[in-house]
$ cat input-v1.cif   # mmCIF, C-alpha atoms and all ligand atoms
data_work
#
loop_
_atom_site.label_atom_id
_atom_site.label_comp_id
_atom_site.auth_asym_id
_atom_site.auth_seq_id
_atom_site.Cartn_x
_atom_site.Cartn_y
_atom_site.Cartn_z
CA MET A 1 41.52 -25.18 3.59
CA ILE A 2 41.51 -27.84 0.90
CA ILE A 3 40.39 -26.13 -2.30
CA LYS A 4 39.82 -28.19 -5.42
CA GLU A 5 38.71 -26.91 -8.80
CA ILE A 6 36.22 -29.21 -10.47
CA ASN A 7 33.87 -29.22 -13.47
CA CYS A 8 30.15 -29.75 -13.00
CA LYS A 9 27.69 -31.28 -15.45
CA THR A 10 24.57 -29.42 -14.27
CA LEU A 11 23.97 -26.34 -12.18
CA LEU A 12 20.40 -25.05 -12.44
CA ASN A 13 18.70 -27.88 -10.59
CA LYS A 14 15.10 -28.44 -9.50
CA SER A 15 14.54 -27.62 -5.85
CA LYS A 16 11.96 -28.07 -3.09
CA ILE A 17 12.81 -24.65 -1.66
CA GLU A 18 12.14 -22.63 -4.84
CA ASP A 19 11.76 -23.71 -8.50
CA TYR A 20 15.51 -24.08 -8.90
CA CYS A 21 18.65 -23.94 -6.83
CA ILE A 22 22.23 -23.15 -7.76
CA ASN A 23 25.26 -24.34 -5.80
CA CYS A 24 28.56 -23.10 -7.23
CA TYR A 25 30.55 -24.78 -4.47
CA ILE A 26 30.58 -28.15 -2.72
CA GLY A 27 31.31 -27.77 0.97
CA CYS A 28 31.29 -24.57 2.99
CA SER A 29 34.09 -22.93 4.95
CA HIS A 30 31.65 -21.18 7.27
CA SER A 31 31.75 -24.47 9.13
CA CYS A 32 28.45 -24.23 11.01
CA LYS A 33 28.04 -26.90 13.66
CA TYR A 34 24.38 -27.55 12.87
CA CYS A 35 24.78 -27.58 9.07
CA TYR A 36 22.31 -29.86 7.24
CA ALA A 37 24.30 -29.61 4.02
CA GLU A 38 27.06 -31.73 5.51
CA PHE A 39 24.95 -34.89 5.53
CA ILE A 40 23.81 -34.47 1.91
CA THR A 41 27.27 -33.45 0.72
CA ARG A 42 28.84 -36.57 2.24
CA LYS A 43 26.11 -38.72 0.69
CA MET A 44 26.71 -37.26 -2.77
CA THR A 45 30.50 -37.11 -2.70
CA SER A 46 33.43 -39.04 -1.23
CA HIS A 47 34.53 -36.23 1.09
CA LYS A 48 35.76 -37.53 4.43
CA GLU A 49 37.52 -34.36 5.62
CA GLU A 50 36.24 -32.35 8.55
CA TRP A 51 33.20 -30.23 7.63
CA GLY A 52 34.30 -26.70 6.85
CA SER A 53 37.82 -27.70 5.85
CA PHE A 54 37.19 -28.35 2.14
CA VAL A 55 35.54 -26.59 -0.76
CA ASP A 56 35.20 -27.87 -4.32
CA VAL A 57 34.92 -24.98 -6.75
CA LYS A 58 32.76 -25.61 -9.83
CA ILE A 59 34.88 -23.47 -12.11
CA ASN A 60 32.70 -24.07 -15.19
CA ALA A 61 29.46 -23.12 -13.33
CA PRO A 62 28.74 -19.94 -15.35
CA ASN A 63 29.36 -21.75 -18.65
CA ILE A 64 27.00 -24.58 -17.72
CA LEU A 65 24.33 -22.12 -16.54
CA ARG A 66 24.64 -20.10 -19.75
CA GLU A 67 23.69 -23.23 -21.73
CA GLU A 68 21.08 -24.62 -19.32
CA ILE A 69 19.12 -21.41 -18.93
CA LYS A 70 18.30 -21.31 -22.64
CA ARG A 71 16.36 -24.57 -22.28
CA LYS A 72 14.68 -24.07 -18.88
CA LYS A 73 11.30 -22.57 -18.10
CA LYS A 74 11.55 -19.32 -16.16
CA GLY A 75 11.39 -19.88 -12.39
CA LYS A 76 12.62 -18.58 -9.06
CA VAL A 77 16.21 -19.52 -8.24
CA PHE A 78 17.53 -20.10 -4.72
CA LEU A 79 21.23 -19.54 -4.02
CA SER A 80 22.28 -21.74 -2.37
CA SER A 81 20.83 -24.85 -0.82
CA LEU A 82 24.00 -26.78 0.06
CA THR A 83 26.62 -24.09 0.50
CA ASP A 84 26.90 -20.37 1.22
CA PRO A 85 27.09 -18.47 -2.08
CA TYR A 86 29.19 -15.76 -0.40
CA GLN A 87 31.63 -17.85 1.62
CA PRO A 88 35.18 -16.36 1.47
CA ILE A 89 36.35 -18.28 -1.62
CA GLU A 90 33.69 -16.44 -3.67
CA LYS A 91 35.80 -13.31 -3.36
CA LYS A 92 38.43 -14.96 -5.54
CA TYR A 93 36.31 -16.96 -8.02
CA GLU A 94 33.23 -14.71 -8.34
CA LEU A 95 31.12 -17.66 -9.51
CA THR A 96 28.01 -16.46 -7.70
CA ARG A 97 28.38 -13.05 -9.27
CA LYS A 98 28.86 -14.47 -12.77
CA CYS A 99 25.78 -16.68 -12.36
CA LEU A 100 23.74 -13.72 -11.10
CA GLU A 101 24.69 -11.79 -14.23
CA ILE A 102 23.32 -14.62 -16.38
CA LEU A 103 20.11 -14.91 -14.32
CA LEU A 104 19.66 -11.16 -14.65
CA ASN A 105 20.00 -11.33 -18.42
CA TYR A 106 17.18 -13.86 -18.54
CA ASN A 107 15.16 -12.04 -15.89
CA PHE A 108 14.89 -15.02 -13.53
CA PRO A 109 13.70 -14.06 -10.00
CA ILE A 110 16.23 -14.80 -7.25
CA VAL A 111 16.35 -15.56 -3.53
CA VAL A 112 19.82 -15.39 -2.00
CA GLN A 113 20.53 -16.64 1.51
CA THR A 114 23.83 -16.03 3.23
CA LYS A 115 25.75 -15.41 6.42
CA SER A 116 28.30 -13.17 4.76
CA TYR A 117 28.93 -9.48 4.42
CA LEU A 118 30.44 -10.22 0.98
CA VAL A 119 26.88 -10.22 -0.41
CA LEU A 120 27.17 -6.41 -0.56
CA ARG A 121 29.66 -6.70 -3.40
CA ASP A 122 26.78 -7.61 -5.72
CA LEU A 123 24.40 -4.89 -4.64
CA ASP A 124 24.65 -3.30 -8.10
CA LEU A 125 23.19 -6.50 -9.60
CA PHE A 126 20.47 -6.99 -6.98
CA LYS A 127 19.15 -3.53 -7.71
CA LYS A 128 18.62 -4.45 -11.37
CA PHE A 129 16.54 -7.60 -10.74
CA GLU A 130 12.77 -7.30 -11.08
CA SER A 131 12.39 -9.76 -8.20
CA CYS A 132 15.14 -10.21 -5.64
CA LYS A 133 15.07 -11.27 -2.01
CA ILE A 134 18.15 -11.42 0.20
CA GLY A 135 18.05 -13.55 3.33
CA PHE A 136 20.45 -13.38 6.25
CA THR A 137 20.69 -16.20 8.72
CA ILE A 138 20.86 -14.76 12.21
CA THR A 139 20.53 -17.44 14.87
CA THR A 140 21.57 -15.10 17.67
CA LEU A 141 22.51 -11.48 18.31
CA ASP A 142 25.24 -12.65 20.68
CA ASP A 143 28.49 -12.82 18.73
CA ASP A 144 30.12 -15.15 21.26
CA ILE A 145 27.44 -17.75 20.57
CA ARG A 146 27.69 -17.08 16.82
CA LYS A 147 31.45 -17.74 16.94
CA ILE A 148 30.87 -21.13 18.55
CA PHE A 149 28.16 -22.37 16.19
CA GLU A 150 29.06 -20.52 12.95
CA PRO A 151 32.79 -19.88 13.43
CA ASN A 152 33.72 -18.56 9.99
CA SER A 153 30.63 -16.59 9.06
CA SER A 154 30.50 -12.80 9.23
CA SER A 155 30.04 -11.34 12.70
CA VAL A 156 26.62 -10.25 13.92
CA GLU A 157 27.76 -6.64 13.64
CA GLU A 158 28.85 -7.11 10.01
CA LYS A 159 25.58 -8.82 9.11
CA ILE A 160 23.58 -5.99 10.65
CA LYS A 161 25.63 -3.40 8.78
CA ALA A 162 25.04 -5.29 5.51
CA ILE A 163 21.31 -5.49 6.17
CA GLU A 164 21.13 -1.75 6.81
CA ILE A 165 22.88 -1.06 3.50
CA LEU A 166 20.64 -3.46 1.57
CA LYS A 167 17.50 -1.99 3.12
CA ASN A 168 18.68 1.56 2.40
CA ASN A 169 18.96 0.51 -1.22
CA GLY A 170 15.40 -0.74 -1.37
CA ILE A 171 16.22 -4.48 -1.35
CA PHE A 172 13.74 -6.95 0.17
CA VAL A 173 15.51 -8.52 3.17
CA TYR A 174 14.30 -11.48 5.17
CA ILE A 175 15.89 -13.05 8.23
CA PHE A 176 16.25 -16.74 8.74
CA PHE A 177 16.03 -17.33 12.50
CA GLY A 178 17.12 -20.90 12.39
CA PRO A 179 17.85 -23.23 13.69
CA VAL A 180 16.77 -21.78 17.02
CA LEU A 181 19.35 -22.95 19.56
CA PRO A 182 17.50 -23.94 22.75
CA PHE A 183 18.37 -21.86 25.83
CA LEU A 184 20.85 -19.81 23.78
CA SER A 185 19.12 -18.05 20.92
CA ASP A 186 15.71 -18.07 22.59
CA GLU A 187 16.85 -16.33 25.77
CA ASN A 188 16.25 -12.76 24.60
CA LEU A 189 13.47 -13.06 22.06
CA GLU A 190 12.11 -9.59 22.78
CA GLU A 191 15.50 -8.05 22.11
CA TYR A 192 15.94 -10.16 18.97
CA PHE A 193 12.64 -9.12 17.44
CA ASN A 194 13.09 -5.49 18.51
CA LYS A 195 16.21 -5.52 16.38
CA MET A 196 14.18 -6.89 13.46
CA VAL A 197 11.76 -3.98 13.82
CA GLU A 198 14.62 -1.51 14.05
CA LEU A 199 16.15 -2.94 10.86
CA ASN A 200 12.77 -2.81 9.13
CA ILE A 201 13.06 -6.47 8.10
CA ASP A 202 10.46 -7.56 5.54
CA GLU A 203 9.93 -11.07 6.88
CA VAL A 204 11.32 -13.48 9.49
CA LEU A 205 11.46 -17.23 8.85
CA ILE A 206 11.80 -19.40 11.94
CA ASP A 207 12.99 -22.98 12.06
CA LYS A 208 13.68 -25.56 14.71
CA LEU A 209 16.76 -27.71 14.94
CA ASN A 210 16.25 -30.82 12.83
CA LEU A 211 18.54 -33.70 13.58
CA LYS A 212 20.02 -35.04 10.37
CA PRO A 213 22.05 -38.25 10.65
CA GLY A 214 25.44 -37.57 12.20
CA LEU A 215 24.54 -34.07 13.33
CA TRP A 216 24.14 -34.89 17.01
CA ASN A 217 27.81 -35.90 17.20
CA SER A 218 28.92 -32.48 16.07
CA ILE A 219 26.43 -30.66 18.29
CA ARG A 220 27.20 -32.83 21.30
CA LYS A 221 30.91 -31.96 21.06
CA VAL A 222 30.09 -28.24 20.91
CA LEU A 223 27.84 -28.49 23.95
CA GLU A 224 30.30 -30.60 25.94
CA THR A 225 33.05 -28.05 25.33
CA ASN A 226 31.11 -24.83 25.67
CA TYR A 227 27.79 -25.46 27.42
CA PRO A 228 28.06 -28.72 29.39
CA LYS A 229 25.08 -27.77 31.54
CA LEU A 230 22.86 -27.66 28.44
CA LEU A 231 23.78 -31.10 27.18
CA GLU A 232 21.01 -32.96 29.02
CA GLU A 233 18.42 -30.27 28.24
CA TRP A 234 19.17 -30.45 24.53
CA ARG A 235 19.12 -34.23 24.61
CA LYS A 236 15.60 -34.13 26.09
CA ILE A 237 14.39 -31.60 23.51
CA LEU A 238 15.90 -33.43 20.56
CA PHE A 239 15.25 -37.04 21.51
CA LEU A 240 12.28 -37.20 23.90
CA LYS A 241 8.65 -36.25 23.53
CA ASN A 242 8.28 -32.67 24.78
CA ASN A 243 6.55 -29.39 24.03
CA TYR A 244 9.59 -27.11 23.74
CA TRP A 245 9.07 -26.25 20.03
CA ASP A 246 5.32 -25.70 20.46
CA LEU A 247 5.89 -23.31 23.35
CA LEU A 248 8.57 -21.50 21.43
CA LYS A 249 6.18 -21.09 18.53
CA LYS A 250 3.58 -19.57 20.82
CA ARG A 251 6.07 -17.13 22.32
CA ILE A 252 7.35 -16.02 18.92
CA LYS A 253 3.85 -15.69 17.45
CA ARG A 254 2.81 -13.42 20.32
CA ILE A 255 5.91 -11.22 19.97
CA CYS A 256 5.59 -10.95 16.18
CA TYR A 257 1.90 -10.14 16.48
CA GLU A 258 2.60 -7.37 19.01
CA LYS A 259 5.44 -5.93 16.97
CA LYS A 260 3.61 -6.38 13.63
CA ILE A 261 6.38 -8.51 12.17
CA LYS A 262 5.59 -10.75 9.22
CA TYR A 263 6.71 -14.27 10.14
CA ILE A 264 6.73 -17.75 8.65
CA PHE A 265 7.39 -20.93 10.60
CA CYS A 266 9.27 -23.65 8.74
CA TYR A 267 8.08 -26.29 11.22
S1 LIG A 301 26.68 -21.26 5.96
FE1 LIG A 301 25.06 -22.72 5.50
S2 LIG A 301 25.99 -24.22 4.15
FE2 LIG A 301 27.65 -23.08 5.10
S3 LIG A 301 28.24 -24.34 6.86
FE3 LIG A 301 26.74 -22.80 7.54
S4 LIG A 301 24.75 -23.80 7.42
FE4 LIG A 301 26.20 -25.00 6.21
#
$ encode --input "input-v1.cif" --output "structure tokens" --more "lines below"
Ligand code: SF4
Amino acid sequence: MIIKEINCKTLLNKSKIEDYCINCYIGCSHSCKYCYAEFITRKMTSHKEEWGSFVDVKINAPNILREEIKRKKKGKVFLSSLTDPYQPIEKKYELTRKCLEILLNYNFPIVVQTKSYLVLRDLDLFKKFESCKIGFTITTLDDDIRKIFEPNSSSVEEKIKAIEILKNNGIFVYIFFGPVLPFLSDENLEEYFNKMVELNIDEVLIDKLNLKPGLWNSIRKVLETNYPKLLEEWRKILFLKNNYWDLLKKRIKRICYEKKIKYIFCY
């Protein structure tokens, strides 16, 4: 891993997802093969290294936030839009935690989305927020598939354990089922949503796979190596006119309706 400590000029930035977003890191060692943040990160920085192999650490993030928050109107803050706030390096730097402490002092509502068990470290803070939602990305319940597409994230088992603990502590937990991986994560939808019911999940957000520039190259390599038979199928779904995503939507809507699961489609 190439770790570089840097200073940022701003941190609490306007966002399309919520009112604000905070990214304490540039890059993400979780190294997901479908990551949209890669494209934006490369556009905004000069990073040429392989995605997942570098992280810039904004070591002055809490100091910047402490100043910015005095001047900003109260609003909901999303952590994080271009990185995972609980990727492994957070264990050492605790930037996410320090920023949460500041947001708590000013009573800003938060939405935290992660793929890491480390989120549990800050349970004491989450419990003090008036408004706090924690989101876990779970694209599949099959850990072999998870390892291929999200190699350095927490395992499915660890995520489920973390969700149980958060729920037992009264925290609002949503699941981000996205991007759905055709013919991999949609194979056992019943089983997937049964698990959501069992975990008493508050909401499930579902998204399709959106092709950002350069992403197909990374996905194609993964498919060629691990699922060569799916390569042509994915190509059709992603590049040709077809009704795959509409049909998927119908299937998921029916299951969620039957199981009384609150759902939101992002597409
Ligand atoms: S955890 Fe999120 S930001 Fe990190 S590599 Fe995966 S998709 Fe990208």
$ residues_near_point --input "input-v1.cif" --point "(15.0, -20.8, -6.0)" --cutoff "8 Å" --atoms "all atoms listed in the file" --output "JSON, numbers by chain"
{"A": [15, 17, 18, 19, 20, 21, 22, 75, 76, 77, 78, 79, 109, 110, 111]}
$ closest_residue --input "input-v1.cif" --among "A:Glu224, A:Glu187, A:Glu233, A:Glu130" --to "Ile252 of chain A" --atoms "only C-alpha atoms"
A:Glu187
$ atom_distance --input "input-v1.cif" --atom1 "atom CA of Lys236 of chain A" --atom2 "atom CA of Val204 of chain A"
26.8 Å
$ residues_around --input "input-v1.cif" --residues "Lys127 of chain A" --least-positions-apart "6" --cutoff "12 Å" --atoms "all atoms listed in the file" --output "ChimeraX atom specification"
/A:100-101,104,110,120-121,133-134,166-172
$ atom_distance --input "input-v1.cif" --atom1 "atom CA of Lys249 of chain A" --atom2 "atom CA of Tyr34 of chain A"
20.1 Å
$ residues_near_point --input "input-v1.cif" --point "(24.6, -27.5, 15.0)" --cutoff "10 Å" --atoms "only C-alpha atoms" --output "list in words"
Ser31, Cys32, Lys33, Tyr34, Cys35, Tyr36, Ile148, Phe149, Glu150, Pro179, Val180, Leu181, Leu209, Asn210, Leu211, Lys212, Leu215, Trp216, Asn217, Ser218, Ile219, Arg220, Lys221, Val222 and Leu223 of chain A
$ atom_distance --input "input-v1.cif" --atom1 "atom CA of Met44 of chain A" --atom2 "atom CA of Gln87 of chain A"
20.5 Å
$ closest_atom_pairs --input "input-v1.cif" --of "chain A" --to "ligand LIG 301 (chain A)" --cutoff "6 Å" --atoms "all atoms listed in the file" --output "CSV"
residue,atom,partner,partner_atom,distance
A:Cys28,CA,A:LIG301,FE2,4.5
A:His30,CA,A:LIG301,S3,4.7
A:Ser31,CA,A:LIG301,S3,4.2
A:Cys32,CA,A:LIG301,FE3,4.1
A:Cys35,CA,A:LIG301,FE4,4.1
A:Ala37,CA,A:LIG301,FE4,5.4
A:Leu82,CA,A:LIG301,S2,5.2
A:Thr83,CA,A:LIG301,S2,3.7
A:Asp84,CA,A:LIG301,FE2,4.8
A:Lys115,CA,A:LIG301,S1,5.9
$ axis_aligned_box --input "input-v1.cif" --around "segment 36-53 of chain A" --padding-each-side "5 Å" --output "lines of an AutoDock Vina configuration file"
center_x = 30.1
center_y = -32.9
center_z = 2.9
size_x = 25.5
size_y = 22.3
size_z = 21.3
